[in-house]
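K.L.:
First the structure, which I've put down as structure tokens, then a few questions once you've had a look.
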Amino acid sequence: MEKATDSLYTLLIGGGVSFITLLLGGIDALFLSCTILVILDYVTGVLAAWYNDVLTSRDSWRGIVRKTISLSLIIVAHQLDVVVGNEGHFMRNAMLMFIMATEGISILENCGKMGLKYPAIIMKALKNLQQHPIESKPEKMTDKDI
């Protein structure tokens, strides 16, 4: 009887993962990078709140809800690609890059809340990506930015 239960769990978990992968448009390097940044943002947010003695479970749950909504936006963008017939995942990839830029900015802000310093050019590049995720000519950076 135990083997039947194992097969059922394997079927449910495998089917669930396959369905989510279908909704997200697959798991590629861009999606994995985005997922890593989402997790890093959540972890650095919790660490910054703990560091400043303002950590609450309510704020932690809000962070999880925000990350879940980000995933739903990826699903919406992929479904729009499917409806329009974009086989190159244009809208999905643009949404992933936008989320990555937003998460990168948030990670840097969380580091700043803990007193860590970082080069200003990194913040400028992330803000540029956030403002122009699909344009071919982003804002130029000068030597002054470095």
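By convention here, the chains of the structure tokens are called A, B, ... in the order presented, each chain's residues are numbered starting at 1, and ligands are numbered starting at 1 in the order presented.
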If you take only C-alpha atoms and a cut-off of 10 Å, which residues of stretch 39-111 of chain A touch stretch 24-29 of chain A, and what are their nearest atom pairs and distances in Å to one decimal, in chain and number order, as a tab-separated table?

P.N.:
residue	atom	partner	partner_atom	distance
A:Leu71	CA	A:Leu24	CA	8.1
A:Ser72	CA	A:Leu24	CA	8.6
A:Leu73	CA	A:Leu24	CA	9.5
A:Ile74	CA	A:Leu24	CA	6.3
A:Ile75	CA	A:Leu24	CA	5.0
A:Val76	CA	A:Leu24	CA	8.5
A:Ala77	CA	A:Leu24	CA	8.7
A:His78	CA	A:Gly25	CA	5.9
A:Gln79	CA	A:Gly25	CA	8.2
A:Asp81	CA	A:Gly25	CA	9.2
A:Val82	CA	A:Gly25	CA	9.1
A:His89	CA	A:Gly25	CA	7.7
A:Arg92	CA	A:Gly25	CA	7.8
A:Asn93	CA	A:Gly25	CA	9.8

K.L.:
Go ahead and save the residues from that selection, with all heavy atoms, as an mmCIF file, in the first residue's frame.

P.N.:
data_model
loop_
_atom_site.group_PDB
_atom_site.id
_atom_site.type_symbol
_atom_site.label_atom_id
_atom_site.label_comp_id
_atom_site.auth_asym_id
_atom_site.auth_seq_id
_atom_site.Cartn_x
_atom_site.Cartn_y
_atom_site.Cartn_z
ATOM 1 N N LEU A 71 5.034 36.586 -9.355
ATOM 2 C CA LEU A 71 4.910 35.362 -10.144
ATOM 3 C C LEU A 71 3.656 35.381 -11.007
ATOM 4 O O LEU A 71 3.670 34.945 -12.154
ATOM 5 C CB LEU A 71 4.878 34.134 -9.228
ATOM 6 C CG LEU A 71 6.211 33.607 -8.750
ATOM 7 C CD1 LEU A 71 6.015 32.437 -7.788
ATOM 8 C CD2 LEU A 71 7.085 33.178 -9.906
ATOM 9 N N SER A 72 2.563 35.910 -10.466
ATOM 10 C CA SER A 72 1.327 35.960 -11.252
ATOM 11 C C SER A 72 1.479 36.913 -12.440
ATOM 12 O O SER A 72 0.894 36.677 -13.503
ATOM 13 C CB SER A 72 0.133 36.340 -10.377
ATOM 14 O OG SER A 72 0.245 37.660 -9.922
ATOM 15 N N LEU A 73 2.279 37.967 -12.288
ATOM 16 C CA LEU A 73 2.524 38.868 -13.419
ATOM 17 C C LEU A 73 3.315 38.173 -14.522
ATOM 18 O O LEU A 73 3.095 38.429 -15.714
ATOM 19 C CB LEU A 73 3.267 40.121 -12.946
ATOM 20 C CG LEU A 73 2.478 41.079 -12.056
ATOM 21 C CD1 LEU A 73 3.371 42.205 -11.565
ATOM 22 C CD2 LEU A 73 1.265 41.619 -12.779
ATOM 23 N N ILE A 74 4.222 37.288 -14.144
ATOM 24 C CA ILE A 74 4.959 36.507 -15.142
ATOM 25 C C ILE A 74 3.998 35.588 -15.894
ATOM 26 O O ILE A 74 4.078 35.456 -17.121
ATOM 27 C CB ILE A 74 6.090 35.693 -14.477
ATOM 28 C CG1 ILE A 74 7.112 36.626 -13.824
ATOM 29 C CG2 ILE A 74 6.775 34.775 -15.494
ATOM 30 C CD1 ILE A 74 8.078 35.926 -12.897
ATOM 31 N N ILE A 75 3.070 34.986 -15.165
ATOM 32 C CA ILE A 75 2.072 34.115 -15.805
ATOM 33 C C ILE A 75 1.216 34.918 -16.784
ATOM 34 O O ILE A 75 0.978 34.486 -17.917
ATOM 35 C CB ILE A 75 1.199 33.415 -14.742
ATOM 36 C CG1 ILE A 75 2.042 32.411 -13.946
ATOM 37 C CG2 ILE A 75 0.004 32.726 -15.391
ATOM 38 C CD1 ILE A 75 1.351 31.837 -12.731
ATOM 39 N N VAL A 76 0.778 36.107 -16.371
ATOM 40 C CA VAL A 76 -0.034 36.955 -17.255
ATOM 41 C C VAL A 76 0.753 37.310 -18.516
ATOM 42 O O VAL A 76 0.235 37.211 -19.635
ATOM 43 C CB VAL A 76 -0.497 38.233 -16.512
ATOM 44 C CG1 VAL A 76 -1.079 39.245 -17.481
ATOM 45 C CG2 VAL A 76 -1.504 37.881 -15.429
ATOM 46 N N ALA A 77 2.014 37.711 -18.348
ATOM 47 C CA ALA A 77 2.827 38.091 -19.504
ATOM 48 C C ALA A 77 3.016 36.904 -20.448
ATOM 49 O O ALA A 77 2.924 37.053 -21.667
ATOM 50 C CB ALA A 77 4.181 38.630 -19.036
ATOM 51 N N HIS A 78 3.256 35.718 -19.901
ATOM 52 C CA HIS A 78 3.430 34.541 -20.755
ATOM 53 C C HIS A 78 2.138 34.203 -21.489
ATOM 54 O O HIS A 78 2.164 33.860 -22.681
ATOM 55 C CB HIS A 78 3.905 33.329 -19.956
ATOM 56 C CG HIS A 78 3.954 32.083 -20.775
ATOM 57 N ND1 HIS A 78 4.812 31.927 -21.838
ATOM 58 C CD2 HIS A 78 3.219 30.951 -20.721
ATOM 59 C CE1 HIS A 78 4.613 30.746 -22.395
ATOM 60 N NE2 HIS A 78 3.649 30.133 -21.731
ATOM 61 N N GLN A 79 1.027 34.300 -20.799
ATOM 62 C CA GLN A 79 -0.249 33.999 -21.454
ATOM 63 C C GLN A 79 -0.553 35.005 -22.559
ATOM 64 O O GLN A 79 -1.125 34.647 -23.590
ATOM 65 C CB GLN A 79 -1.377 33.935 -20.426
ATOM 66 C CG GLN A 79 -1.234 32.802 -19.414
ATOM 67 C CD GLN A 79 -0.995 31.454 -20.070
ATOM 68 O OE1 GLN A 79 -1.725 31.050 -20.965
ATOM 69 N NE2 GLN A 79 0.052 30.759 -19.632
ATOM 70 N N ASP A 81 1.779 36.381 -24.373
ATOM 71 C CA ASP A 81 2.641 35.896 -25.458
ATOM 72 C C ASP A 81 1.969 34.757 -26.220
ATOM 73 O O ASP A 81 2.015 34.709 -27.444
ATOM 74 C CB ASP A 81 3.987 35.395 -24.905
ATOM 75 C CG ASP A 81 5.003 36.496 -24.730
ATOM 76 O OD1 ASP A 81 4.920 37.508 -25.450
ATOM 77 O OD2 ASP A 81 5.891 36.335 -23.869
ATOM 78 N N VAL A 82 1.344 33.851 -25.482
ATOM 79 C CA VAL A 82 0.675 32.711 -26.115
ATOM 80 C C VAL A 82 -0.472 33.188 -26.994
ATOM 81 O O VAL A 82 -0.619 32.759 -28.144
ATOM 82 C CB VAL A 82 0.163 31.709 -25.043
ATOM 83 C CG1 VAL A 82 -0.752 30.665 -25.658
ATOM 84 C CG2 VAL A 82 1.332 31.049 -24.332
ATOM 85 N N HIS A 89 8.756 34.630 -26.473
ATOM 86 C CA HIS A 89 8.481 35.013 -25.079
ATOM 87 C C HIS A 89 8.844 36.467 -24.801
ATOM 88 O O HIS A 89 9.382 36.793 -23.747
ATOM 89 C CB HIS A 89 9.222 34.104 -24.102
ATOM 90 C CG HIS A 89 8.925 32.651 -24.269
ATOM 91 N ND1 HIS A 89 7.699 32.122 -23.954
ATOM 92 C CD2 HIS A 89 9.676 31.628 -24.720
ATOM 93 C CE1 HIS A 89 7.720 30.825 -24.186
ATOM 94 N NE2 HIS A 89 8.907 30.505 -24.671
ATOM 95 N N ARG A 92 6.981 37.977 -21.662
ATOM 96 C CA ARG A 92 7.421 37.256 -20.465
ATOM 97 C C ARG A 92 8.831 37.695 -20.085
ATOM 98 O O ARG A 92 9.113 37.993 -18.925
ATOM 99 C CB ARG A 92 7.386 35.756 -20.730
ATOM 100 C CG ARG A 92 7.998 34.917 -19.630
ATOM 101 C CD ARG A 92 8.127 33.463 -20.110
ATOM 102 N NE ARG A 92 8.811 32.649 -19.150
ATOM 103 C CZ ARG A 92 10.120 32.423 -19.156
ATOM 104 N NH1 ARG A 92 10.878 32.973 -20.079
ATOM 105 N NH2 ARG A 92 10.673 31.656 -18.248
ATOM 106 N N ASN A 93 9.717 37.743 -21.071
ATOM 107 C CA ASN A 93 11.097 38.128 -20.786
ATOM 108 C C ASN A 93 11.199 39.586 -20.339
ATOM 109 O O ASN A 93 11.990 39.916 -19.448
ATOM 110 C CB ASN A 93 11.985 37.876 -21.999
ATOM 111 C CG ASN A 93 12.165 36.395 -22.275
ATOM 112 O OD1 ASN A 93 11.833 35.551 -21.447
ATOM 113 N ND2 ASN A 93 12.671 36.072 -23.443
#

K.L.:
As a PyMOL selection string, please: every residue in chain A that a backbone DSSP assignment puts in alpha helix (DSSP H).

P.N.:
chain A and resi 2-24+29-51+57-84+90-113+120-131

K.L.:
So that I can check the surroundings of A:Ile39, please list as a list in words every protein, DNA and RNA residue that reaches within 12 Å of it, counting only C-alpha atoms and ignoring chain neighbours fewer than 4 positions away.

P.N.:
Leu32, Ser33, Cys34, Thr35, Val43, Thr44, Gly45, Val46, Gly63, Ile64, Arg66, Lys67, Thr68, Ser70, Met100, Glu103, Gly104, Ser106 and Ile107 of chain A

K.L.:
Take the residues from that selection and put them in a file with N, CA and C atoms, as an mmCIF file, in the first residue's frame.

P.N.:
data_model
loop_
_atom_site.group_PDB
_atom_site.id
_atom_site.type_symbol
_atom_site.label_atom_id
_atom_site.label_comp_id
_atom_site.auth_asym_id
_atom_site.auth_seq_id
_atom_site.Cartn_x
_atom_site.Cartn_y
_atom_site.Cartn_z
ATOM 1 N N LEU A 32 15.355 31.542 -13.757
ATOM 2 C CA LEU A 32 16.138 31.147 -12.583
ATOM 3 C C LEU A 32 16.827 32.349 -11.947
ATOM 4 N N SER A 33 17.388 33.234 -12.774
ATOM 5 C CA SER A 33 18.021 34.443 -12.244
ATOM 6 C C SER A 33 17.007 35.309 -11.512
ATOM 7 N N CYS A 34 15.832 35.447 -12.090
ATOM 8 C CA CYS A 34 14.771 36.230 -11.455
ATOM 9 C C CYS A 34 14.372 35.608 -10.121
ATOM 10 N N THR A 35 14.231 34.294 -10.098
ATOM 11 C CA THR A 35 13.864 33.591 -8.863
ATOM 12 C C THR A 35 14.920 33.799 -7.778
ATOM 13 N N VAL A 43 15.093 37.643 1.616
ATOM 14 C CA VAL A 43 16.042 37.361 2.707
ATOM 15 C C VAL A 43 16.702 38.648 3.196
ATOM 16 N N THR A 44 17.165 39.506 2.280
ATOM 17 C CA THR A 44 17.809 40.753 2.712
ATOM 18 C C THR A 44 16.801 41.693 3.374
ATOM 19 N N GLY A 45 15.538 41.636 2.941
ATOM 20 C CA GLY A 45 14.504 42.442 3.595
ATOM 21 C C GLY A 45 14.273 42.007 5.030
ATOM 22 N N VAL A 46 14.209 40.701 5.244
ATOM 23 C CA VAL A 46 14.044 40.170 6.595
ATOM 24 C C VAL A 46 15.269 40.508 7.442
ATOM 25 N N GLY A 63 5.619 40.574 2.365
ATOM 26 C CA GLY A 63 6.689 40.312 1.409
ATOM 27 C C GLY A 63 6.419 39.064 0.589
ATOM 28 N N ILE A 64 5.934 38.012 1.244
ATOM 29 C CA ILE A 64 5.612 36.775 0.531
ATOM 30 C C ILE A 64 4.470 37.009 -0.455
ATOM 31 N N ARG A 66 3.741 39.822 -1.918
ATOM 32 C CA ARG A 66 4.300 40.613 -3.019
ATOM 33 C C ARG A 66 5.051 39.733 -4.015
ATOM 34 N N LYS A 67 5.805 38.775 -3.504
ATOM 35 C CA LYS A 67 6.546 37.867 -4.385
ATOM 36 C C LYS A 67 5.589 36.978 -5.177
ATOM 37 N N THR A 68 4.511 36.546 -4.553
ATOM 38 C CA THR A 68 3.506 35.725 -5.232
ATOM 39 C C THR A 68 2.835 36.511 -6.351
ATOM 40 N N SER A 70 4.220 38.906 -8.001
ATOM 41 C CA SER A 70 5.225 38.997 -9.069
ATOM 42 C C SER A 70 5.164 37.766 -9.966
ATOM 43 N N MET A 100 13.389 41.680 -12.193
ATOM 44 C CA MET A 100 14.786 41.569 -11.756
ATOM 45 C C MET A 100 15.354 42.934 -11.393
ATOM 46 N N GLU A 103 13.767 43.997 -8.076
ATOM 47 C CA GLU A 103 14.326 43.233 -6.961
ATOM 48 C C GLU A 103 15.767 43.663 -6.677
ATOM 49 N N GLY A 104 16.543 43.935 -7.729
ATOM 50 C CA GLY A 104 17.921 44.393 -7.531
ATOM 51 C C GLY A 104 17.975 45.711 -6.780
ATOM 52 N N SER A 106 15.682 46.823 -4.759
ATOM 53 C CA SER A 106 15.243 46.538 -3.393
ATOM 54 C C SER A 106 16.358 45.899 -2.561
ATOM 55 N N ILE A 107 17.132 45.000 -3.178
ATOM 56 C CA ILE A 107 18.257 44.378 -2.470
ATOM 57 C C ILE A 107 19.272 45.442 -2.058
#

K.L.:
Determine, using only C-alpha atoms, which residues of stretch 8-82 of chain A have any atom at most 12 Å from an atom of stretch 113-119 of chain A, and tabulate each with its shortest atom pair and distance in Å to one decimal place, rows ordered by chain and then rising number, as CSV.

P.N.:
residue,atom,partner,partner_atom,distance
A:Thr44,CA,A:Met114,CA,9.4
A:Gly45,CA,A:Lys113,CA,9.2
A:Val46,CA,A:Met114,CA,11.1
A:Leu47,CA,A:Met114,CA,8.4
A:Ala48,CA,A:Met114,CA,5.7
A:Ala49,CA,A:Lys113,CA,8.5
A:Trp50,CA,A:Met114,CA,9.6
A:Tyr51,CA,A:Met114,CA,6.6
A:Asn52,CA,A:Met114,CA,7.5
A:Asp53,CA,A:Met114,CA,11.1
A:Val54,CA,A:Lys113,CA,11.5

K.L.:
Atom CA of A:Val38 to atom CA of A:Leu96: how many Å, to one decimal?

P.N.:
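Value for the atom CA of A:Val38-atom CA of A:Leu96 distance: 10.7 Å.
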
K.L.:
Hey, can you check how far atom CA of A:Tyr42 sits from atom CA of A:Asn110?

P.N.:
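Distance between the two atoms: 9.5 Å.
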